Amino acid sequence: MKRGFRWGEFIFVVALTLFSLIILFMSLQLGFGKIRSPGAGFFPAFISMFGFVLGILLIVRSFRMMRSQELRKTLTDRKGSLRLMAMIIAFCCWLVLMPWLGFILVTFLATFAFAKIMGLEGWIKPIILAIGGSVFIYLLFDVWFYADLPRGFLG
Amino acid sequence: MTGFEHLLNGFSIAFSPGILLACLVGVLLGTIVGVLPGLGPTATMSLMLPFTMKYGPITGLIMLAGIWYGAQYGGSTTSILVNIPGEAASVITCLDGYQMGKKGRAGAALALVAIGSFIAGTIGNIGLQVFAPPLAQAALAFGPPEYFALMILAFVVLSTLTGESPLKGYFMVALGLWIGTIGIDPIEGKPRFNFGSYNLMSGIDFLPIAMGLFGIAEIFSIAVETYLPRFVNKIRLRDLYPNREEAKRSVAPILRGSVFGFFVGLLPGPAPTISTFFSYALEKRLSKFPKKFGTGMVEGVVGPESANNSAVTGSLIPLLALGIPFAPPAAVLLAGLRMHHIDPGPFLFQNAPQIFWGFIASMYIGNVMLLILNLPLVGIFARIATLRPQILMPIVSITCLAGVYSIRNSIFDIWVMIATGVLGFFMRRWGFPAAPLVIGIILGPMTENSFRQTCMMCLGDFTKICNRPITMVLLSAVVAFIIFNFYQGRKLKKALRVEDD
């Protein structure tokens with residue numbers, strides 16, 4: 001695979017490097033202790049220092065790539081990015097709505113949404129899949145495993 | 001009790017109906033997961049982890065391990081039939097396997113792979129049974145410095161062998177180790193890095209992270225890609241008979257792959273995948289017709305496929321004997337055992353021998369099950385490969401959501417799963433490996449404890465480590481590996497530059 005500079009990757013590395021620095025300061029505040037009796041911040045300080053050095057090396061390498069090579073194609077096409085966003089929103093909706101609407105109804109809605117986002121054509125197939133998915137989750141978690149999933153207003 | 005008596009005892013446990021059913025479910029799921037490109041054994045094992053909570057530790061361990069080694073069986077099916085590897089460890093099988101299929105020998109290739117995998121699994125089991133107890137006995141002499149050095153070696157090798165750059169691998173290890181420190185400090189009792197959140201006081205649970213990195217990230221990756229339908233030719237039972245020449249040519253590669261794969265399995269990292277590449281290279285080197293490789297040589301199919309099966313069994317040795325997982329699926333197994341308050345390692349053989357021997361016995365049975373399942377049902381498994389992700393992934397998504405919630409009834413755990421899923425998706429895109437992160441998280445507390453205990457033992461004088469030969473050997477191996485890798489990298493860069501010129 002041809003290597004190249006990617007802006008997203010660069011930002012990710014910079015963010016992680018800065019995060020390592022923050023953790024280093026937090027670790028020192030926790031108490032470094034002494035080498036013969038290490039404190040709570042001793043080990044995290046070491047690994048954050050290690051992470052910071054690695055981050056700097058990766059940033060330097062990215063700069064070199066930026067100068068020497070062309071930009072690598074970004075994440076994915078527009079449709080793919082929209083599908084990704086929609087999937088993340090659907091996951092978050094399940095999470096937020098589940099305590100209010102109950103897991104059966106939310107699972108039905110989420111399965112339907114997931115199927116449509118992933119491109120299952122028509123309405124009948126996604127509805128059948130959503131009913132099947134909800135029944136499957138109900139039988140598996142509620143009937144078989146006695147899991148305490150919120151039932152919402154259906155309960 | 002002798003080893004044989006222990007094994008008989010293990011068989012008496014493994015033949016109980018509940019354990020047999022767990023083994024069957026595990027290997028069946030593993031084969032299906034192996035056939036399906038995308039969803040790997042780590043994601044499936046994480047997904048199944050909540051379900052194992054209802055049963056005992058041995059049932060859970062057998063089911064989860066069944067998924068892992070079952071996936072190695074199933075991975076070859078799509079490689080041979082449609083040139084799409086179901087598993088990373090079956091990528092190399094595409095080269096000659098698909099060519100055999102094009103020549104009308106797909107059935108024979110599938111049958112020989114199934115037989116080879118069975119032999120490799122059995123040889124791997126014998127190796128596990130022979131090597132794990134003495135290693136565990138030897139590990140009783142390990143103190144904190146030895147454990148710390150061993151974990152450093154594991155991190156270095158794992159980071160180097162996974163992903164596109166060792167630097168990124170080390171970065172992920174550091175991140176994983178830091179995540180492992182979140183929560184209450186085990187020695188001073190101070191809360192660390194909880195950012196004022198009550199949910200972080202007890203640390204971040206491993207399961208949502210594993211599900212996020214391997215399951216949700218995979219769902220996102222599939223969602224952004226355009227689906228291309230696959231067509232699989234029908235395989236009939238009578239097509240499965242290899243001819244005499246194919247069978248004769250397969251014997252030595254199967255045996256070589258089995259032994260070789262087992263020892264590669266002891267290394268940290270994606271051992272099953274690495275073993276297939278090494279085995280393929282070995283078979284090509286030993287062949288009288290190396291130039292014919294890639295045109296449908298049976299040696300290039302059965303050797304690697306046997307190697308990946310025995311590598312899985314080899315990977316279980318560090319987990320069971322030392323309590324240290326060297327690969328993400330082994331980390332999930334460790335998490336599963338810890339959920340049942342079982343700590344694998346040297347004391348497992350003394351305190352709970354029934355778990356180890358029951359597990360060994362079930363693996364023998366699981367291998368027989370896989371052989372029986374894979375030969376006559378290969379046609380059905382091949383059809384599973386055509387299952388559309390639009391139908392499969394919504395079901396997997398909701399099972400992940402409900403599964404993670406059901407463990408601790410925690411909404412916070414689901415947030416962690418979604419966040420790590422997004423993180424895992426971008427990590428894949430940008431070449432940051434997930435395996436070192438996961439291993440860093442699971443080994444983080446153990447690494448910190450051994451590090452701090454080593455510091456206390458040495459009283460600040462690290463020259464005292466020189467008096468500990470095992471530690472010195474392990475640390476020398478770390479240095480040697482880094483130097484070797486550095487020179488290999490430079491050599492490769494030089495070669496690429498010459499090629500560019």
# chains A, B, ... in the order shown; residues from 1 in each chain; ligands from 1
$ residues_around --residues "Pro44 of chain A" --least-positions-apart "5" --cutoff "8 Å" --atoms "only C-alpha atoms" --output "list in words"
Ile23, Leu24 and Ser27 of chain A; Trp178 and Thr181 of chain B
$ select_by_dssp --residues "segment 4-224 of chain B" --states "strand (DSSP E)" --output "ChimeraX atom specification"
/B:183-184,191-192
$ interface_residues --of "chain B" --to "chain A" --cutoff "7 Å" --atoms "only C-alpha atoms" --output "JSON, numbers by chain"
{"B": [167, 171, 174, 178, 185, 188, 190, 220, 223, 224, 225, 390, 391, 394, 395, 398, 399, 406, 430, 448, 452, 455, 456, 459, 460]}
$ write_last_selection --atoms "N, CA and C atoms" --output "PDB file, in the first residue's frame"
ATOM      1  N   LEU B 167       5.762   2.429  15.067  1.00  0.00           N
ATOM      2  CA  LEU B 167       5.539   3.627  15.890  1.00  0.00           C
ATOM      3  C   LEU B 167       4.065   3.747  16.275  1.00  0.00           C
ATOM      4  N   PHE B 171       2.350   3.532  19.958  1.00  0.00           N
ATOM      5  CA  PHE B 171       1.453   4.610  20.379  1.00  0.00           C
ATOM      6  C   PHE B 171       0.146   4.008  20.923  1.00  0.00           C
ATOM      7  N   ALA B 174       0.690   2.488  24.330  1.00  0.00           N
ATOM      8  CA  ALA B 174       0.724   3.528  25.369  1.00  0.00           C
ATOM      9  C   ALA B 174      -0.696   3.980  25.713  1.00  0.00           C
ATOM     10  N   TRP B 178      -2.593   3.452  29.287  1.00  0.00           N
ATOM     11  CA  TRP B 178      -3.164   4.577  30.026  1.00  0.00           C
ATOM     12  C   TRP B 178      -4.630   4.300  30.367  1.00  0.00           C
ATOM     13  N   ASP B 185      -6.367   3.801  42.059  1.00  0.00           N
ATOM     14  CA  ASP B 185      -5.004   3.273  42.097  1.00  0.00           C
ATOM     15  C   ASP B 185      -4.953   2.089  43.074  1.00  0.00           C
ATOM     16  N   GLU B 188      -2.339   3.035  46.369  1.00  0.00           N
ATOM     17  CA  GLU B 188      -2.637   4.188  47.235  1.00  0.00           C
ATOM     18  C   GLU B 188      -4.134   4.457  47.397  1.00  0.00           C
ATOM     19  N   LYS B 190      -6.008   6.093  45.400  1.00  0.00           N
ATOM     20  CA  LYS B 190      -6.409   7.411  44.864  1.00  0.00           C
ATOM     21  C   LYS B 190      -7.193   7.234  43.572  1.00  0.00           C
ATOM     22  N   PHE B 220     -19.343  -0.047  10.879  1.00  0.00           N
ATOM     23  CA  PHE B 220     -19.155   1.254  10.213  1.00  0.00           C
ATOM     24  C   PHE B 220     -18.387   1.081   8.905  1.00  0.00           C
ATOM     25  N   ALA B 223     -20.642  -0.279   6.388  1.00  0.00           N
ATOM     26  CA  ALA B 223     -21.663   0.710   6.005  1.00  0.00           C
ATOM     27  C   ALA B 223     -21.147   1.697   4.958  1.00  0.00           C
ATOM     28  N   VAL B 224     -19.871   2.078   5.051  1.00  0.00           N
ATOM     29  CA  VAL B 224     -19.369   3.090   4.099  1.00  0.00           C
ATOM     30  C   VAL B 224     -18.995   2.484   2.744  1.00  0.00           C
ATOM     31  N   GLU B 225     -18.827   1.160   2.717  1.00  0.00           N
ATOM     32  CA  GLU B 225     -18.439   0.540   1.447  1.00  0.00           C
ATOM     33  C   GLU B 225     -19.664   0.179   0.615  1.00  0.00           C
ATOM     34  N   GLN B 390     -26.750  -5.938   4.498  1.00  0.00           N
ATOM     35  CA  GLN B 390     -27.925  -5.112   4.822  1.00  0.00           C
ATOM     36  C   GLN B 390     -28.877  -5.857   5.755  1.00  0.00           C
ATOM     37  N   ILE B 391     -28.810  -7.183   5.721  1.00  0.00           N
ATOM     38  CA  ILE B 391     -29.674  -7.990   6.593  1.00  0.00           C
ATOM     39  C   ILE B 391     -28.920  -8.367   7.866  1.00  0.00           C
ATOM     40  N   PRO B 394     -27.703  -5.002  10.634  1.00  0.00           N
ATOM     41  CA  PRO B 394     -28.666  -4.449  11.611  1.00  0.00           C
ATOM     42  C   PRO B 394     -28.866  -5.369  12.815  1.00  0.00           C
ATOM     43  N   ILE B 395     -28.900  -6.677  12.562  1.00  0.00           N
ATOM     44  CA  ILE B 395     -29.090  -7.626  13.671  1.00  0.00           C
ATOM     45  C   ILE B 395     -27.858  -7.619  14.588  1.00  0.00           C
ATOM     46  N   ILE B 398     -27.901  -4.354  16.791  1.00  0.00           N
ATOM     47  CA  ILE B 398     -28.809  -4.319  17.959  1.00  0.00           C
ATOM     48  C   ILE B 398     -28.372  -5.351  19.018  1.00  0.00           C
ATOM     49  N   THR B 399     -27.750  -6.455  18.566  1.00  0.00           N
ATOM     50  CA  THR B 399     -27.249  -7.435  19.544  1.00  0.00           C
ATOM     51  C   THR B 399     -26.097  -6.824  20.342  1.00  0.00           C
ATOM     52  N   SER B 406     -26.818  -5.225  28.809  1.00  0.00           N
ATOM     53  CA  SER B 406     -27.265  -6.281  29.724  1.00  0.00           C
ATOM     54  C   SER B 406     -26.199  -6.690  30.745  1.00  0.00           C
ATOM     55  N   TRP B 430      -6.593   4.931   9.159  1.00  0.00           N
ATOM     56  CA  TRP B 430      -5.305   5.613   9.202  1.00  0.00           C
ATOM     57  C   TRP B 430      -4.166   4.688   9.626  1.00  0.00           C
ATOM     58  N   GLU B 448       1.389  -2.365  35.258  1.00  0.00           N
ATOM     59  CA  GLU B 448       1.682  -1.327  36.252  1.00  0.00           C
ATOM     60  C   GLU B 448       2.089  -1.949  37.585  1.00  0.00           C
ATOM     61  N   ARG B 452       5.682  -1.361  39.317  1.00  0.00           N
ATOM     62  CA  ARG B 452       5.847  -0.713  40.625  1.00  0.00           C
ATOM     63  C   ARG B 452       6.483  -1.664  41.639  1.00  0.00           C
ATOM     64  N   CYS B 455      10.158  -1.807  40.956  1.00  0.00           N
ATOM     65  CA  CYS B 455      10.832  -0.610  41.489  1.00  0.00           C
ATOM     66  C   CYS B 455      11.046  -0.742  42.997  1.00  0.00           C
ATOM     67  N   MET B 456      10.018  -1.239  43.681  1.00  0.00           N
ATOM     68  CA  MET B 456      10.117  -1.385  45.141  1.00  0.00           C
ATOM     69  C   MET B 456      11.156  -2.441  45.512  1.00  0.00           C
ATOM     70  N   LEU B 459      14.643  -1.166  45.058  1.00  0.00           N
ATOM     71  CA  LEU B 459      14.939   0.000  45.901  1.00  0.00           C
ATOM     72  C   LEU B 459      15.652   1.092  45.109  1.00  0.00           C
ATOM     73  N   GLY B 460      15.218   1.259  43.875  1.00  0.00           N
ATOM     74  CA  GLY B 460      15.786   2.316  43.038  1.00  0.00           C
ATOM     75  C   GLY B 460      17.058   1.908  42.318  1.00  0.00           C
TER      76      GLY B 460
END
$ closest_atom_pairs --of "segment 135-226 of chain B" --to "segment 348-355 of chain B" --cutoff "12 Å" --atoms "only C-alpha atoms" --output "JSON lines"
{"residue": "B:Leu135", "atom": "CA", "partner": "B:Phe349", "partner_atom": "CA", "distance": 10.7}
{"residue": "B:Ala136", "atom": "CA", "partner": "B:Phe349", "partner_atom": "CA", "distance": 7.6}
{"residue": "B:Gln137", "atom": "CA", "partner": "B:Phe349", "partner_atom": "CA", "distance": 8.7}
{"residue": "B:Ala139", "atom": "CA", "partner": "B:Phe349", "partner_atom": "CA", "distance": 11.6}
{"residue": "B:Leu140", "atom": "CA", "partner": "B:Gln350", "partner_atom": "CA", "distance": 11.1}
$ write_last_selection --atoms "N, CA and C atoms" --output "compact mmCIF listing (two decimals), in the first residue's frame"
# COMPACT_ATOMS: atom_id res chain seq x y z
N LEU B 135 5.25 -25.22 31.40
CA LEU B 135 5.51 -23.78 31.32
C LEU B 135 4.88 -23.08 32.54
N ALA B 136 3.68 -23.52 32.89
CA ALA B 136 3.02 -22.95 34.07
C ALA B 136 3.84 -23.23 35.32
N GLN B 137 4.40 -24.44 35.39
CA GLN B 137 5.25 -24.81 36.53
C GLN B 137 6.48 -23.89 36.59
N ALA B 139 6.67 -20.97 35.32
CA ALA B 139 6.25 -19.59 35.57
C ALA B 139 6.05 -19.30 37.06
N LEU B 140 6.00 -20.38 37.88
CA LEU B 140 5.88 -20.16 39.33
C LEU B 140 7.12 -19.44 39.86
$ residues_around --residues "Gly163 of chain B" --least-positions-apart "3" --cutoff "7 Å" --atoms "only C-alpha atoms" --output "ChimeraX atom specification"
/B:169,431-433
